[in-house]
file entry.txt (compact mmCIF, C-alpha atoms and all ligand atoms)
# COMPACT_ATOMS: atom_id res chain seq x y z
CA MET A 246 88.54 19.37 64.65
CA LYS A 247 91.80 19.98 66.45
CA GLN A 248 94.77 17.83 65.48
CA ARG A 249 95.18 16.23 68.89
CA SER A 250 91.55 15.28 69.32
CA PHE A 251 91.44 13.77 65.84
CA ILE A 252 94.51 11.63 66.51
CA GLU A 253 92.83 10.42 69.71
CA LEU A 254 89.69 9.56 67.71
CA LEU A 255 91.77 7.76 65.11
CA SER A 256 93.52 5.69 67.78
CA ARG A 257 90.11 4.62 69.13
CA GLU A 258 88.01 4.16 66.00
CA GLY A 259 90.16 4.34 62.88
CA ARG A 260 90.38 1.16 60.85
CA CYS A 261 94.08 1.82 60.46
CA ARG A 262 94.74 1.87 64.19
CA ASP A 263 96.09 -1.69 64.41
CA ARG A 264 97.84 -1.71 61.05
CA ASP A 265 101.32 -0.76 59.96
CA PRO A 266 101.14 3.04 59.54
CA ASP A 267 103.76 2.88 56.78
CA LEU A 268 101.04 1.56 54.46
CA TRP A 269 99.44 5.04 54.55
CA PHE A 270 102.71 6.76 53.70
CA PRO A 271 104.14 5.27 50.51
CA GLU A 272 107.77 6.24 50.03
CA PHE A 273 107.42 6.37 46.25
CA ASP A 274 106.78 9.38 44.05
CA GLU A 275 103.03 9.79 43.87
CA ARG A 276 103.12 9.62 40.06
CA THR A 277 104.48 6.07 40.06
CA LYS A 278 102.63 2.79 39.74
CA GLU A 279 104.19 1.65 43.03
CA TYR A 280 102.66 4.58 44.88
CA GLY A 281 99.25 3.86 43.36
CA GLN A 282 99.43 0.19 44.29
CA GLN A 283 100.33 0.89 47.91
CA ALA A 284 97.85 3.76 48.25
CA ALA A 285 95.08 1.52 46.87
CA LYS A 286 95.64 -0.92 49.73
CA ALA A 287 95.42 1.89 52.28
CA ILE A 288 92.36 3.37 50.58
CA ALA A 289 90.61 -0.01 50.67
CA VAL A 290 90.93 0.07 54.47
CA CYS A 291 89.81 3.71 54.60
CA ASN A 292 86.71 2.82 52.60
CA MET A 293 85.57 0.60 55.47
CA CYS A 294 86.43 3.13 58.17
CA PRO A 295 83.66 4.62 60.32
CA ILE A 296 85.47 7.96 60.65
CA LYS A 297 86.43 8.37 57.00
CA GLU A 298 84.60 11.68 56.53
CA THR A 299 86.13 13.20 59.65
CA CYS A 300 89.53 11.91 58.58
CA LEU A 301 89.17 13.49 55.15
CA ALA A 302 88.28 16.84 56.72
CA TYR A 303 91.35 16.53 58.93
CA GLY A 304 93.56 15.58 56.00
CA LEU A 305 92.31 18.49 53.93
CA GLU A 306 93.10 20.90 56.71
CA PHE A 307 96.39 19.56 58.01
CA GLU A 308 98.07 16.86 55.91
CA ASP A 309 100.16 17.26 52.75
CA TYR A 310 101.55 13.71 52.85
CA GLY A 311 100.08 10.25 52.99
CA VAL A 312 96.61 8.80 52.59
CA TRP A 313 93.91 10.37 54.79
CA GLY A 314 90.20 9.72 54.56
CA GLY A 315 90.72 7.59 51.48
CA THR A 316 92.50 10.30 49.49
CA THR A 317 96.03 10.79 48.23
CA PRO A 318 97.92 14.08 48.57
CA SER A 319 97.25 15.07 44.95
CA GLN A 320 93.54 14.35 45.35
CA ARG A 321 93.43 16.62 48.41
CA ARG A 322 95.30 19.35 46.56
CA GLU A 323 92.65 19.19 43.83
CA MET A 324 89.86 19.27 46.41
CA ARG A 325 91.42 22.32 48.11
CA LYS A 326 91.68 24.09 44.75
CA HIS A 327 88.00 23.47 44.06
CA GLU A 328 87.07 24.59 47.56
CA SER A 329 88.99 27.84 47.19
CA THR A 330 87.37 28.64 43.83
CA ASN A 331 83.82 27.99 45.06
S1 LIG B 401 89.93 7.00 56.96
FE1 LIG B 401 91.78 5.79 56.64
S2 LIG B 401 93.51 6.99 57.45
FE2 LIG B 401 91.56 7.84 58.25
S3 LIG B 401 91.30 6.88 60.24
FE3 LIG B 401 90.16 5.70 58.75
S4 LIG B 401 91.54 4.08 58.03
FE4 LIG B 401 92.77 5.63 59.11
call {"tool": "encode", "arguments": {"input": "entry.txt", "output": "structure tokens", "more": "lines below"}}
Ligand code: SF4
result
Amino acid sequence: MKQRSFIELLSREGRCRDRDPDLWFPEFDERTKEYGQQAAKAIAVCNMCPIKETCLAYGLEFEDYGVWGGTTPSQRREMRKHESTN
């Protein structure tokens, strides 16, 4: 999916569309407890989102920062590594 069409989909159907976007982009180092606590709140919303799978695919392809499709940046890095070795 192209970046622009995904953002349009997110603005129509994403559970995050009416929330503060900063929740999905914690300003803390990802290894800290604070990052985990904020990301968990974002992920809880993602877990109820009807476009979570599409969002994850988008995040894997395009996003190095923030929570996308219920995953953190380090989780997506791990997923990409596994994808590239399979
Ligand atoms: S999965 Fe999460 S980040 Fe993606 S659109 Fe849904 S709520 Fe937003």
call {"tool": "atom_distance", "arguments": {"input": "entry.txt", "atom1": "atom FE4 of ligand LIG 401 (chain B)", "atom2": "atom CA of Thr330 of chain A"}}
result
28.1 Å
call {"tool": "atom_distance", "arguments": {"input": "entry.txt", "atom1": "atom CA of Leu254 of chain A", "atom2": "atom CA of Asp267 of chain A"}}
result
19.0 Å
call {"tool": "residues_around", "arguments": {"input": "entry.txt", "residues": "Glu275 of chain A", "least_positions_apart": "3", "cutoff": "9 Å", "atoms": "all atoms listed in the file", "output": "PyMOL selection string"}}
result
chain A and resi 271-272+278-281+317-319
call {"tool": "atom_distance", "arguments": {"input": "entry.txt", "atom1": "atom CA of Pro295 of chain A", "atom2": "atom CA of Ser250 of chain A"}}
result
16.0 Å
call {"tool": "closest_residue", "arguments": {"input": "entry.txt", "among": "A:Phe270, A:Phe251, A:Trp313, A:Tyr303", "to": "ligand LIG 401 (chain B)", "atoms": "only C-alpha atoms and all ligand atoms"}}
result
A:Trp313
call {"tool": "closest_residue", "arguments": {"input": "entry.txt", "among": "A:Arg325, A:Gly315, A:Phe307, A:Met293", "to": "Arg249 of chain A", "atoms": "all atoms listed in the file"}}
result
A:Phe307
call {"tool": "residues_near_ligand", "arguments": {"input": "entry.txt", "ligand": "ligand LIG 401 (chain B)", "cutoff": "7 Å", "atoms": "only C-alpha atoms and all ligand atoms", "output": "list of chain:residue names"}}
result
A:Leu255, A:Gly259, A:Arg260, A:Cys261, A:Arg262, A:Trp269, A:Ala287, A:Ile288, A:Val290, A:Cys291, A:Asn292, A:Cys294, A:Pro295, A:Ile296, A:Lys297, A:Cys300, A:Leu301, A:Val312, A:Trp313, A:Gly314, A:Gly315
call {"tool": "closest_residue", "arguments": {"input": "entry.txt", "among": "A:His327, A:Lys247, A:Ala284, A:Arg264", "to": "Ala302 of chain A", "atoms": "all atoms listed in the file"}}
result
A:Lys247
call {"tool": "axis_aligned_box", "arguments": {"input": "entry.txt", "around": "segment 281-300 of chain A", "padding_each_side": "4 Å", "output": "lines of an AutoDock Vina configuration file"}}
result
center_x = 92.0
center_y = 6.1
center_z = 52.0
size_x = 24.7
size_y = 22.1
size_z = 25.3
call {"tool": "closest_residue", "arguments": {"input": "entry.txt", "among": "A:Leu268, A:Asp263, A:Met324, A:Glu253", "to": "Lys286 of chain A", "atoms": "all atoms listed in the file"}}
result
A:Leu268
call {"tool": "closest_residue", "arguments": {"input": "entry.txt", "among": "A:Glu328, A:Glu258, A:Asp274, A:Asp265", "to": "Leu305 of chain A", "atoms": "all atoms listed in the file"}}
result
A:Glu328
